[in-house]
Every structure is written in structure tokens, then in C-alpha cells.
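Participant: I am attaching a structure below and will ask some questions about it afterwards.
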Amino acid sequence: MEKNFVKELTWRGMLHDTMPGTEEHLMEEMRAAYVGIDPTADSLHIGHLVGVMMLRHFQLAGHKPYALVGGATGMIGDPSGKSAERNLLDEKTLRHNQDSLKEQLSRFLDFDSDHENAAVLVNNYDWMKDFSFLEFIRDVGKHITVNYMMSKDSVKKRLSSESSVGMSFTEFTYQLVQGYDFLHLYRENNCTLQMGGSDQWGNITTGTELIRRIGDGKGYALTCPLITKADGTKFGKTEGGNIWLDKERTSPYKFYQYWLNTSDEDAEKYIKIFTFLSKEEIDTLIAEHKEAPHKRELQKELGKQVTTMVHSEEDYNNALAASEVLFGKSTAADFRKLDEATFLDIFEGVPQADIAMTEIENGLDMIAALAAQTNFLKSNGEARRALKENSVAVNKEKVKEDYTITKDDLINNKYVILNKGKKNTYIIRAI
């Protein structure tokens with residue numbers, strides 16, 4: 001093989017557990033493995049990235065990756081790590097989500113080449129939709145005991161939780177459906193390995209058990225650790241929700257900022273997991289960062305690598321420019337380069353006041369802009385004092401009391417940035 005896949009995951013901190021013999025099995029010849037992806041949204045979020053990176057490393061090691069979109073299992077809901085059942089989806093929504101996910105996955109996996117190890121996208125709905133309930137309990141269910149299913153952590157946790165909701169039969173059977181996926185891919189595609197997060201170990205090993213009992217063969221399991229943050233908060237989440245790979249849901253600027261704001265401890269961990277930089281490159285980066293942690297070079301490189309990989313170099317450059325605009329010594333010209341979506345992202349949460357476009361076209365005096373028309377400052381007197389103290393800027397350029405805001409000051413034909421001192425920022429929006 002081109003590379004030892006297990007060793008690669010190990011030094012990157014991406015290996016939690018493997019079934020005995022997995023490494024040797026993968027070193028013998030090209031193998032096929034799959035990772036299941038939940039299709040309940042039409043975009044991946046960064047919580048999915050670890051599984052996707054595993055598939056990419058698998059392909060780079062010369063093996064054949066399968067991305068399994070769980071259309072059928074998405075109609076059921078996986079109890080692993082969940083405290084309640086999730087919403088079930090119809091087929092039309094699932095198909096739309098599948099197409100969107102493939103487009104995103106193609107940024108990481110090579111689906112189109114004529115190489116033997118080109119990636120393949122499959123949907124378990126395709127082989128489960130015509131499987132009758134009676135056939136399933138006869139051909140699959142009878143081979144796994146209830147005792148075996150009850151012993152799984154995901155089941156035990158739900159049944160012993162404080163919640164009075166309990167666990168539905170639908171969710172209880174989830175591991176059988178996921179186990180059957182592995183059996184199906186083993187039979188039809190000679191897929192001998194399933195990979196996933198450590199919370200999936202129970203579901204994956206149910207699959208290896210079915211392969212042993214029904215398929216008369218041997219399947220293997222490999223899991224990665226669940227990604228955590230040093231401060232105990234959930235990885236991939238902000239106050240606004242998930243960090244998505246779709247730029248319409250999470251802009252490249254916010255995406256870049258997420259990585260830029262990681263702690264030193266997390267950045268050391270994440271740069272191994274979420275980039276394809278070599279061990280030597282990463283060791284050098286970490287050593288340089290430790291010499292001057294205040295420069296945050298590790299976070300900057302992490303942000304650059306992941307934003308470029310998920311979006312594009314252009315998106316990364318725009319995100320970088322936007323960051324400089326907010327935190328660097330920016331000028332009005334820098335602001336004018338920003339598109340409106342990025343501009344709004346940068347100034348999210350900053351106080352805004354709407355002023356009629358006609359007033360700006362006629363010329364808006366600074367006292368009105370700071371106080372009378374906007375209430376940014378408490379009084380006209382406070383506005384005059386600030387202007388006399390030379391602490392007021394329009395679009396980052398200092399102004400005096402005699403300055404008049406006109407249409408020429410508008411950014412994106414709509415916005416004016418006011419600053420009082422270094423810390424107070426306000427936005428006028430022309431309507």
C-alpha cells in the first residue's frame with residue numbers, strides 16, 4: 001500500500017479503537033471502507049469533517065472509500081448520543097440532501113477518476129426501501145439476540161436516562177439496520193471495514209457480527225475519538241448554532257473566525273486532524289507557535305488550511321481581508337472591497353440606525369448622525385465634545401463637526417461606519 005493508514009491516523013490523534021487485525025488487513029491489498037453520513041440537512045457541518053477526513057486519508061493510502069448517505073436510517077433516527085428522537089424525513093428531501101452532500105464531499109474525495117480506488121456515494125434507502133418488515137425480521141433479526149442488542153452502550157444509556165421518554169422500538173432496531181448496511185456493502189462491494197466516531201462502536205460491531213453470522217466472512221471496525229474542546233464546550237457549535245460547510249449557512253468569514261478563535265491547546269490538536277500538512281510541517285508550526293504564542297500563527301495556519309479546503313483560496317483571502325478590516329488598521333477603501341454579506345457578518349451585533357436615503361443624499365450633519373437622528377450618543381452635547389476631542393471617525397477616517405455625510409460615504413450603497421474612540425462602533429443604514 002502507498003501508506004499505512006492506521007499509523008497515519010494514530011499520529012494525527014484520529015484513532016480511538018480498532019478491531020484486532022485491522023491494520024494487517026489493510027496492509028495486504030486495496031480494501032474498501034465506508035463511513036455513514038446523516039442526511040437530515042442539505043449541508044455537512046464541521047462535526048462531520050472528521051469522518052470525511054478519515055475517508056480522504058483512506059483514499060490517499062490507496063484504498064477505496066464509500067460515503068454512505070443514510071437515507072433509510074435517516075428515516076428512523078440513531079439513538080447514539082441522542083437524548084430524544086429526531087425528525088424523520090421524506091424521500092424527496094432525502095434525495096435533495098444527498099445531492100447537496102455529494103457536491104460537498106467531492107471537495108475532499110475523488111469520485112470521478114478512472115482509478116480503481118475512486119470514491120463511491122451510496123444511499124442505504126436504495127437497498128432498504130423494498131425490504132419488507134417480515135423479510136427483515138426473518139433474514140436479519142433472527143441472527144441477533146435481544147440480549148446482544150441491549151448490551152450496547154447507546155441502548156443502555158437511553159434506557160437508564162432520567163428522561164421518561166424511553167426508547168422507541170424504531171430506534172432500538174437502528175443498530176440492526178446499520179448492521180445490515182455493512183453486510184450489504186460487504187456482499188455487494190467487498191467492503192470489509194466500517195469507520196465512524198467512537199459513539200458508533202456498538203452499531204459498527206453489530207455489522208461485523210452480522211457479517212460473521214450471515215455473510216460467513218470477517219468485517220473490521222475502526223473509530224475515531226469524538227472531538228472535544230479544551231474548555232468543555234461543544235466542538236463545532238457557536239451561540240448561533242452549527243458551523244456549516246455551506247457558505248450560505250455559515251459564511252467563509254465566520255468559518256475562518258471559528259478556527260482563528262480556537263485555544264492554543266485545541267489548535268495543536270485540530271491542525272493534525274483537519275489539515276493534510278505533514279508531521280514535519282506540523283511539528284515545526286507548533287514549535288514556532290510556542291516561541292511566540294501571542295502571534296497566533298498556529299490558529300492562522302489552521303484557519304487558512306481548513307477554509308481553503310472547504311471553500312476556496314479566494315474565500316480564504318476574502319475572510320482574511322475581512323478580519324484585517326475589523327482588527328487591523330483598515331481604511332474606507334478596505335471596507336468598500338467587502339461584499340454585503342461579509343460586511344454584515346463583520347458588524348453583527350453592532351448597533352444600527354436606519355436613516356432615509358433622501359436625508360443622506362441631502363447631506364447629514366455629524367451631530368444628527370451621532371445623536372439627534374440615531375441616539376448613538378446620549379445628547380447633542382456629547383456628540384459635540386467627541387468631535388472636538390477628535391475621537392469620531394466616518395468609515396475609519398477622523399472627522400470634525402463641520403463634516404457632512406453624503407451618498408459618497410455609503411459602503412455597498414447602503415452603510416456608513418461611525419466610530420467613537422477605539423471601542424465604540426455604530427452603523428448607519430440608508431433605507
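Every chain in the C-alpha cells takes a letter, A first, then B, and so on in the order presented; its residues are numbered from 1, and the ligands are numbered from 1 following the presented order.
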Could you write out, as a list of chain:residue names, all the residues of stretch 285-357 of chain A that DSSP marks as strand (DSSP E)?

Facilitator: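 Checking each residue of stretch 285-357 of chain A, the strand (DSSP E) ones are A:Gln352, A:Ala353, A:Asp354, A:Ile355.
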
Participant: Just write the chosen residues, C-alpha atoms, as a CSV table (one decimal), in the first residue's frame.

Facilitator:
```
chain,number,residue,atom,x,y,z
A,352,GLN,CA,-27.6,50.1,13.8
A,353,ALA,CA,-29.8,53.0,12.9
A,354,ASP,CA,-31.9,53.4,9.8
A,355,ILE,CA,-31.9,56.8,8.1
```

Participant: Hey, what's within 12 Å of A:Arg212 if we count only C-alpha atoms and toss same-chain stuff fewer than 3 positions away? As a list in words, please?

Facilitator: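 Using only C-alpha atoms, the neighbours found are His143, Ile144, Gly179, Tyr180, Phe182, Leu183, Tyr186, Arg187, Thr192, Thr205, Thr206, Gly207, Thr208, Glu209, Gly215, Asp216, Gly217, Lys218, Gly219 and Tyr220 of chain A.
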
Participant: Could you save the residues just selected, with N, CA and C atoms, as a PDB file, in the first residue's frame?

Facilitator:
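Okay, this is what ended up in again.pdb:
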```pdb
ATOM      1  N   HIS A 143     -30.882 -13.419  13.643  1.00  0.00           N
ATOM      2  CA  HIS A 143     -29.468 -13.748  13.868  1.00  0.00           C
ATOM      3  C   HIS A 143     -28.849 -12.967  15.023  1.00  0.00           C
ATOM      4  N   ILE A 144     -29.560 -11.963  15.539  1.00  0.00           N
ATOM      5  CA  ILE A 144     -29.018 -11.149  16.641  1.00  0.00           C
ATOM      6  C   ILE A 144     -29.983 -11.205  17.821  1.00  0.00           C
ATOM      7  N   GLY A 179     -26.287  -2.333  10.904  1.00  0.00           N
ATOM      8  CA  GLY A 179     -25.529  -3.580  10.758  1.00  0.00           C
ATOM      9  C   GLY A 179     -25.772  -4.228   9.400  1.00  0.00           C
ATOM     10  N   TYR A 180     -27.027  -4.149   8.936  1.00  0.00           N
ATOM     11  CA  TYR A 180     -27.347  -4.732   7.628  1.00  0.00           C
ATOM     12  C   TYR A 180     -26.654  -3.957   6.503  1.00  0.00           C
ATOM     13  N   PHE A 182     -23.712  -2.710   6.556  1.00  0.00           N
ATOM     14  CA  PHE A 182     -22.355  -3.249   6.485  1.00  0.00           C
ATOM     15  C   PHE A 182     -22.379  -4.602   5.771  1.00  0.00           C
ATOM     16  N   LEU A 183     -23.332  -5.445   6.136  1.00  0.00           N
ATOM     17  CA  LEU A 183     -23.460  -6.757   5.486  1.00  0.00           C
ATOM     18  C   LEU A 183     -23.700  -6.589   3.985  1.00  0.00           C
ATOM     19  N   TYR A 186     -20.606  -5.390   2.272  1.00  0.00           N
ATOM     20  CA  TYR A 186     -19.633  -6.487   2.284  1.00  0.00           C
ATOM     21  C   TYR A 186     -19.931  -7.460   1.138  1.00  0.00           C
ATOM     22  N   ARG A 187     -21.209  -7.800   0.985  1.00  0.00           N
ATOM     23  CA  ARG A 187     -21.596  -8.752  -0.065  1.00  0.00           C
ATOM     24  C   ARG A 187     -21.473  -8.158  -1.467  1.00  0.00           C
ATOM     25  N   THR A 192     -14.943  -4.234   3.614  1.00  0.00           N
ATOM     26  CA  THR A 192     -14.615  -5.028   4.807  1.00  0.00           C
ATOM     27  C   THR A 192     -14.390  -4.182   6.065  1.00  0.00           C
ATOM     28  N   THR A 205     -20.009  -2.768  15.398  1.00  0.00           N
ATOM     29  CA  THR A 205     -19.725  -4.168  15.733  1.00  0.00           C
ATOM     30  C   THR A 205     -20.944  -5.070  15.534  1.00  0.00           C
ATOM     31  N   THR A 206     -22.145  -4.493  15.577  1.00  0.00           N
ATOM     32  CA  THR A 206     -23.324  -5.287  15.199  1.00  0.00           C
ATOM     33  C   THR A 206     -23.203  -5.699  13.732  1.00  0.00           C
ATOM     34  N   GLY A 207     -22.665  -4.808  12.913  1.00  0.00           N
ATOM     35  CA  GLY A 207     -22.429  -5.133  11.500  1.00  0.00           C
ATOM     36  C   GLY A 207     -21.407  -6.231  11.325  1.00  0.00           C
ATOM     37  N   THR A 208     -20.311  -6.162  12.075  1.00  0.00           N
ATOM     38  CA  THR A 208     -19.291  -7.228  11.950  1.00  0.00           C
ATOM     39  C   THR A 208     -19.865  -8.569  12.410  1.00  0.00           C
ATOM     40  N   GLU A 209     -20.780  -8.492  13.395  1.00  0.00           N
ATOM     41  CA  GLU A 209     -21.417  -9.717  13.887  1.00  0.00           C
ATOM     42  C   GLU A 209     -22.321 -10.340  12.811  1.00  0.00           C
ATOM     43  N   GLY A 215     -22.898 -13.597   6.613  1.00  0.00           N
ATOM     44  CA  GLY A 215     -22.043 -13.472   5.432  1.00  0.00           C
ATOM     45  C   GLY A 215     -20.884 -14.448   5.406  1.00  0.00           C
ATOM     46  N   ASP A 216     -20.719 -15.211   6.492  1.00  0.00           N
ATOM     47  CA  ASP A 216     -19.612 -16.173   6.596  1.00  0.00           C
ATOM     48  C   ASP A 216     -18.269 -15.522   6.272  1.00  0.00           C
ATOM     49  N   GLY A 217     -18.090 -14.303   6.758  1.00  0.00           N
ATOM     50  CA  GLY A 217     -16.836 -13.603   6.483  1.00  0.00           C
ATOM     51  C   GLY A 217     -16.388 -12.822   7.697  1.00  0.00           C
ATOM     52  N   LYS A 218     -15.478 -11.880   7.450  1.00  0.00           N
ATOM     53  CA  LYS A 218     -14.951 -11.091   8.565  1.00  0.00           C
ATOM     54  C   LYS A 218     -14.976  -9.612   8.201  1.00  0.00           C
ATOM     55  N   GLY A 219     -15.620  -8.838   9.049  1.00  0.00           N
ATOM     56  CA  GLY A 219     -15.627  -7.390   8.880  1.00  0.00           C
ATOM     57  C   GLY A 219     -14.803  -6.757   9.979  1.00  0.00           C
ATOM     58  N   TYR A 220     -14.346  -5.540   9.739  1.00  0.00           N
ATOM     59  CA  TYR A 220     -13.480  -4.854  10.687  1.00  0.00           C
ATOM     60  C   TYR A 220     -14.101  -3.511  11.086  1.00  0.00           C
TER      61      TYR A 220
END
```

Participant: Quick one: pick out all helix (DSSP H, G or I) residues within stretch 304-352 of chain A from a backbone DSSP run and write them as number ranges by chain.

Facilitator: A: 304-310, 313-327, 332-336, 340-346

Participant: Just checking: using only C-alpha atoms, which residue out of A:Gly349, A:Glu389, A:Tyr415, A:Glu116 ends up closest to A:Lys64?

Facilitator: A:Glu116

Participant: What does the distance between atom CA of A:Ser323 and atom CA of A:Arg12 come to in Å, to one decimal place?

Facilitator: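 It comes out at 28.8 Å.
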
Participant: List as a PyMOL selection string the protein and nucleic acid residues near A:Lys388, meaning an atom at most 12 Å away when only C-alpha atoms are counted, but skip any in the same chain fewer than 3 places from it.

Facilitator: chain A and resi 366-367+381-385+391-393+398-402+420

Participant: With only C-alpha atoms as the atoms that count, which of A:Phe343, A:Tyr426, A:Trp259, A:Phe136 lies nearest to A:Asn375?

Facilitator: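 Among the listed residues, the smallest separation from A:Asn375 belongs to A:Tyr426.
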